[in-house]
Amino acid sequence: MASQPKVPDHVPAHCVGAFNLYKSPEMRPTPFGDPFAAVAKLLDGPSVFYAPETTRDGQGAWIVTTAEEQRNVLQDGASYSSYRRIFSSAIGEDWPVIPLELDPPEHGKYRSMLNPLLSPKRVAALEPFVTAKAVELIEGLKARGTSAEVMTEFAFPLAVSVFLAFLGIPDDRLMEFVGWANELLHMGPAERTAAAHKILNFLEGMIAQRKEEPADDFMTFLVQAQVEGRPLTDQEIRSIAVLLFIGGLDTVATAIGLDLYFLARNPDRQQELRDDPAIMPSAVEEMLRAFPSVTPIRTATRDMDLGGCPIKKGDLVSCPSMASSRDPAEFPDPNTIDFNREDNRHTAFSYGPHRCLGSHLARREIIIALNEWFARIPPFRIKEGTAPVTFGGFVFGVENLVLDWS
Amino acid sequence: MIIKVDREKCAGHARCWALAPDLFELDDEGYVLPGDILVPPGQEALAGRATRACPERALSIGED
């Protein structure tokens with residue numbers, strides 16, 4: 001018999017909920033699943049509740065469901081710290097990935113240094129590369145037949161090669177990097193530690209090389225960058241490099257996959273996009289709202305009340321974007337996917353100072369990926385006899401997505 | 001009609017600029033410039049939509 005999950009003494013029994021982002025039935029790998037619908041149901045309950053054992057490593061956390069309360073948490077870095085050693089804990093060290101795990105005002109100086117590189121105007125310059133890569137991949141899989149597993153043959157190769165090009169990392173080991181991300185984000189402690197070492201060793205080699213031979217890329221920018229009038233330390237450089245490397249490996253591919261998974265099962269929604277391709281940017285925003293993949297987690301820096309619940313200093317506070325994006329107070333008919341939705345202030349890229357640094361590149365990539373897909377692939381569906389598998393956890397997603405357009 | 005900008009709250013989503021690039025100017029980091037924005041006559045509806053697009057609630061409509 002399983003033991004009762006631990007609940008800290010300061011958490012009143014009526015604040016405890018049964019939901020778990022990793023272990024609830026709908027969060028586990030599920031053929032033809034819809035983990036988003038399961039999270040959306042949380043909005044029928046309280047805006048804040050305590051979930052025992054809901055983090056990757058089995059800790060309890062307060063789960064915040066509504067958009068308004070998530071904004072209160074994510075905009076307030078003084079009360080809710082981002083520092084959690086998400087990467088360094090895997091190798092038994094104690095340092096923040098930068099800027100994600102720094103709090104204001106320290107956070108701002110690194111963020112200001114990095115923002116211009118991924119501003120909306122700057123990412124426009126990457127569009128021809130993204131488009132060419134998307135076309136190459138789609139034409140390649142078309143030449144091979146009338147079906148394809150689109151995660152490994154399209155979504156991952158596209159998203160990761162674009163990001164590696166931005167960082168200045170050759171893409172000949174692309175699927176090996178994707179494997180590292182998978183081990184780090186989705187597997188057990190031993191795999192996570194091994195993956196963290198592999199990533200760090202690789203990046204340290206890259207950094208040393210760019211110090212010797214500068215190139216026109218992000219890694220070179222980092223080794224030459226100044227903060228407060230001094231060069232970055234080696235530790236700062238690796239803390240930033242690690243974050244950007246991990247950040248680009250998983251989430252954009254996931255978003256493309258989740259969109260194609262929805263569209264493959266809804267031919268009428270495909271037709272909507274074929275009838276009016278101009279709505280693609282708005283449709284992508286709506287699918288980002290309906291299928292966001294990430295859950296920001298903070299640590300309370302003081303005792304306080306949140307949504308009527310007693311938060312204690314040191315408690316984890318979890319803000320699943322897939323909950324706030326289905327909040328009926330923010331989005332009328334939140335479970336209806338409306339490609340023309342107005343006032344779509346979704347939370348796929350989070351709120352507050354830690355708003356996803358790569359959000360503008362991510363948006364462009366998803367739009368280009370779907371535009372080029374629809375321009376080249378006739379109506380498509382899930383291949384008969386196959387079953388895509390959805391999963392929850394730290395980054396929601398879908399795998400084994402075999403599409404058929406015969 | 002003016003758009004009031006709470007620059008402290010801007011987190012660089014740039015949704016305002018995506019909807020109304022002629023109304024909103026971004027700095028090199030991609031964040032909205034500080035200061036109220038005077039809305040030219042005829043663009044009130046667009047200004048309203050762009051204001052409501054801000055995930056941070058950094059924009060609001062005011063009278064000039």
# chains A, B, ... in the order shown; residues from 1 in each chain; ligands from 1
$ interface_residues --of "chain A" --to "chain B" --cutoff "7 Å" --atoms "only C-alpha atoms" --output "list in words"
Ser112, Asn115, Pro116, Ser119, Pro120, Asp343, Asn344, Arg345, His346, Tyr351, Gly352, Pro353 and Arg355 of chain A
$ write_last_selection --atoms "C-alpha atoms" --output "CSV table (one decimal), in the first residue's frame"
chain,number,residue,atom,x,y,z
A,112,SER,CA,19.1,43.7,-20.7
A,115,ASN,CA,17.1,41.0,-24.8
A,116,PRO,CA,18.4,42.8,-27.9
A,119,SER,CA,14.0,41.2,-29.8
A,120,PRO,CA,11.1,41.0,-32.3
A,343,ASP,CA,-7.7,39.9,-26.3
A,344,ASN,CA,-5.6,36.7,-26.3
A,345,ARG,CA,-3.4,37.5,-23.3
A,346,HIS,CA,-2.2,33.9,-22.9
A,351,TYR,CA,4.3,36.7,-17.1
A,352,GLY,CA,6.6,39.3,-15.5
A,353,PRO,CA,10.3,39.9,-15.8
A,355,ARG,CA,8.8,36.4,-19.8
$ select_by_dssp --residues "segment 161-206 of chain A" --states "alpha helix (DSSP H)" --output "MDAnalysis selection string"
chainID A and resid 161:167 174:186 189:206
$ residues_around --residues "segment 75-83 of chain A" --least-positions-apart "2" --cutoff "10 Å" --atoms "only C-alpha atoms" --output "VMD selection string"
(chain A and resid 69 to 73 85 to 86 95 to 105 107 296 to 304 313 to 317 350 to 355) or (chain B and resid 9 11 56)
$ closest_residue --among "A:Val252, A:Ala290, A:Leu243, A:Ala329" --to "Ala159 of chain A" --atoms "only C-alpha atoms"
A:Val252
$ atom_distance --atom1 "atom CA of Val130 of chain A" --atom2 "atom CA of Val160 of chain A"
10.6 Å
$ select_by_dssp --residues "chain B" --states "strand (DSSP E or B)" --output "list in words"
Ile2, Ile3, Lys4, Val5, Leu26, Val32, Ile37, Leu38, Leu59, Ser60, Ile61 and Gly62 of chain B
$ write_last_selection --atoms "all heavy atoms" --output "PDB file, in the first residue's frame"
ATOM      1  N   ILE B   2      -5.668  58.829 -25.034  1.00  0.00           N
ATOM      2  CA  ILE B   2      -4.259  58.458 -24.886  1.00  0.00           C
ATOM      3  C   ILE B   2      -4.148  57.035 -24.342  1.00  0.00           C
ATOM      4  O   ILE B   2      -5.090  56.511 -23.746  1.00  0.00           O
ATOM      5  CB  ILE B   2      -3.489  59.416 -23.934  1.00  0.00           C
ATOM      6  CG1 ILE B   2      -4.146  59.451 -22.545  1.00  0.00           C
ATOM      7  CG2 ILE B   2      -3.347  60.800 -24.520  1.00  0.00           C
ATOM      8  CD1 ILE B   2      -3.249  60.076 -21.494  1.00  0.00           C
ATOM      9  N   ILE B   3      -2.981  56.433 -24.598  1.00  0.00           N
ATOM     10  CA  ILE B   3      -2.664  55.143 -23.978  1.00  0.00           C
ATOM     11  C   ILE B   3      -1.650  55.423 -22.884  1.00  0.00           C
ATOM     12  O   ILE B   3      -0.588  56.025 -23.147  1.00  0.00           O
ATOM     13  CB  ILE B   3      -2.086  54.151 -24.995  1.00  0.00           C
ATOM     14  CG1 ILE B   3      -3.082  53.919 -26.123  1.00  0.00           C
ATOM     15  CG2 ILE B   3      -1.713  52.836 -24.306  1.00  0.00           C
ATOM     16  CD1 ILE B   3      -2.484  53.199 -27.311  1.00  0.00           C
ATOM     17  N   LYS B   4      -1.991  55.049 -21.666  1.00  0.00           N
ATOM     18  CA  LYS B   4      -1.058  55.219 -20.557  1.00  0.00           C
ATOM     19  C   LYS B   4      -0.151  53.987 -20.478  1.00  0.00           C
ATOM     20  O   LYS B   4      -0.628  52.848 -20.520  1.00  0.00           O
ATOM     21  CB  LYS B   4      -1.814  55.379 -19.241  1.00  0.00           C
ATOM     22  CG  LYS B   4      -2.569  56.708 -19.134  1.00  0.00           C
ATOM     23  CD  LYS B   4      -3.307  56.771 -17.812  1.00  0.00           C
ATOM     24  CE  LYS B   4      -3.862  58.160 -17.569  1.00  0.00           C
ATOM     25  NZ  LYS B   4      -2.820  59.199 -17.457  1.00  0.00           N
ATOM     26  N   VAL B   5       1.140  54.228 -20.389  1.00  0.00           N
ATOM     27  CA  VAL B   5       2.129  53.147 -20.380  1.00  0.00           C
ATOM     28  C   VAL B   5       2.751  53.035 -18.990  1.00  0.00           C
ATOM     29  O   VAL B   5       3.342  53.992 -18.490  1.00  0.00           O
ATOM     30  CB  VAL B   5       3.247  53.424 -21.416  1.00  0.00           C
ATOM     31  CG1 VAL B   5       4.330  52.339 -21.339  1.00  0.00           C
ATOM     32  CG2 VAL B   5       2.661  53.510 -22.823  1.00  0.00           C
ATOM     33  N   LEU B  26       9.133  50.359 -29.933  1.00  0.00           N
ATOM     34  CA  LEU B  26       9.906  49.511 -29.034  1.00  0.00           C
ATOM     35  C   LEU B  26      11.352  50.003 -28.960  1.00  0.00           C
ATOM     36  O   LEU B  26      11.885  50.535 -29.928  1.00  0.00           O
ATOM     37  CB  LEU B  26       9.911  48.064 -29.526  1.00  0.00           C
ATOM     38  CG  LEU B  26       8.555  47.384 -29.743  1.00  0.00           C
ATOM     39  CD1 LEU B  26       8.767  45.933 -30.185  1.00  0.00           C
ATOM     40  CD2 LEU B  26       7.697  47.442 -28.488  1.00  0.00           C
ATOM     41  N   VAL B  32       8.393  48.419 -24.710  1.00  0.00           N
ATOM     42  CA  VAL B  32       7.717  49.643 -25.151  1.00  0.00           C
ATOM     43  C   VAL B  32       8.427  50.868 -24.550  1.00  0.00           C
ATOM     44  O   VAL B  32       8.936  50.821 -23.423  1.00  0.00           O
ATOM     45  CB  VAL B  32       6.215  49.604 -24.765  1.00  0.00           C
ATOM     46  CG1 VAL B  32       6.011  49.784 -23.266  1.00  0.00           C
ATOM     47  CG2 VAL B  32       5.413  50.632 -25.544  1.00  0.00           C
ATOM     48  N   ILE B  37       0.956  57.671 -24.891  1.00  0.00           N
ATOM     49  CA  ILE B  37       0.896  57.677 -26.349  1.00  0.00           C
ATOM     50  C   ILE B  37      -0.405  58.349 -26.778  1.00  0.00           C
ATOM     51  O   ILE B  37      -1.496  57.927 -26.365  1.00  0.00           O
ATOM     52  CB  ILE B  37       0.943  56.233 -26.893  1.00  0.00           C
ATOM     53  CG1 ILE B  37       2.281  55.571 -26.518  1.00  0.00           C
ATOM     54  CG2 ILE B  37       0.712  56.213 -28.391  1.00  0.00           C
ATOM     55  CD1 ILE B  37       2.280  54.057 -26.659  1.00  0.00           C
ATOM     56  N   LEU B  38      -0.285  59.386 -27.587  1.00  0.00           N
ATOM     57  CA  LEU B  38      -1.466  60.075 -28.107  1.00  0.00           C
ATOM     58  C   LEU B  38      -2.000  59.286 -29.306  1.00  0.00           C
ATOM     59  O   LEU B  38      -1.260  59.017 -30.256  1.00  0.00           O
ATOM     60  CB  LEU B  38      -1.091  61.504 -28.524  1.00  0.00           C
ATOM     61  CG  LEU B  38      -2.243  62.410 -28.935  1.00  0.00           C
ATOM     62  CD1 LEU B  38      -3.225  62.639 -27.782  1.00  0.00           C
ATOM     63  CD2 LEU B  38      -1.711  63.748 -29.454  1.00  0.00           C
ATOM     64  N   LEU B  59      -0.708  48.521 -20.053  1.00  0.00           N
ATOM     65  CA  LEU B  59      -1.308  49.584 -20.859  1.00  0.00           C
ATOM     66  C   LEU B  59      -2.732  49.844 -20.398  1.00  0.00           C
ATOM     67  O   LEU B  59      -3.448  48.918 -20.017  1.00  0.00           O
ATOM     68  CB  LEU B  59      -1.318  49.193 -22.339  1.00  0.00           C
ATOM     69  CG  LEU B  59       0.026  48.790 -22.949  1.00  0.00           C
ATOM     70  CD1 LEU B  59      -0.181  48.245 -24.371  1.00  0.00           C
ATOM     71  CD2 LEU B  59       0.978  49.989 -22.982  1.00  0.00           C
ATOM     72  N   SER B  60      -3.142  51.121 -20.435  1.00  0.00           N
ATOM     73  CA  SER B  60      -4.536  51.433 -20.167  1.00  0.00           C
ATOM     74  C   SER B  60      -4.932  52.655 -20.981  1.00  0.00           C
ATOM     75  O   SER B  60      -4.077  53.436 -21.410  1.00  0.00           O
ATOM     76  CB  SER B  60      -4.755  51.685 -18.666  1.00  0.00           C
ATOM     77  OG  SER B  60      -3.890  52.720 -18.229  1.00  0.00           O
ATOM     78  N   ILE B  61      -6.240  52.782 -21.203  1.00  0.00           N
ATOM     79  CA  ILE B  61      -6.745  53.905 -21.986  1.00  0.00           C
ATOM     80  C   ILE B  61      -7.067  55.068 -21.059  1.00  0.00           C
ATOM     81  O   ILE B  61      -7.644  54.882 -19.991  1.00  0.00           O
ATOM     82  CB  ILE B  61      -8.023  53.480 -22.743  1.00  0.00           C
ATOM     83  CG1 ILE B  61      -7.713  52.354 -23.755  1.00  0.00           C
ATOM     84  CG2 ILE B  61      -8.687  54.676 -23.417  1.00  0.00           C
ATOM     85  CD1 ILE B  61      -6.858  52.783 -24.920  1.00  0.00           C
ATOM     86  N   GLY B  62      -6.676  56.286 -21.453  1.00  0.00           N
ATOM     87  CA  GLY B  62      -7.001  57.467 -20.672  1.00  0.00           C
ATOM     88  C   GLY B  62      -7.491  58.583 -21.580  1.00  0.00           C
ATOM     89  O   GLY B  62      -7.527  58.437 -22.805  1.00  0.00           O
TER      90      GLY B  62
END
$ atom_distance --atom1 "atom CA of His14 of chain A" --atom2 "atom CA of Cys309 of chain A"
9.6 Å
$ residues_around --residues "Pro41 of chain B" --least-positions-apart "6" --cutoff "12 Å" --atoms "only C-alpha atoms" --output "count of residues only"
4
$ residues_around --residues "segment 48-54 of chain A" --least-positions-apart "6" --cutoff "9 Å" --atoms "only C-alpha atoms" --output "list in words"
Pro5, Lys6, Val7, Val11, His14, Cys15, Val16, Gly17, Ala18, Phe19, Asn20, Leu21, Tyr22, Lys23, Gly60, Ala61, Trp62, Ile63, Val64, Thr65, Thr66, Glu69, Leu306, Gly307, Gly308, Cys309, Val317 and Gly393 of chain A
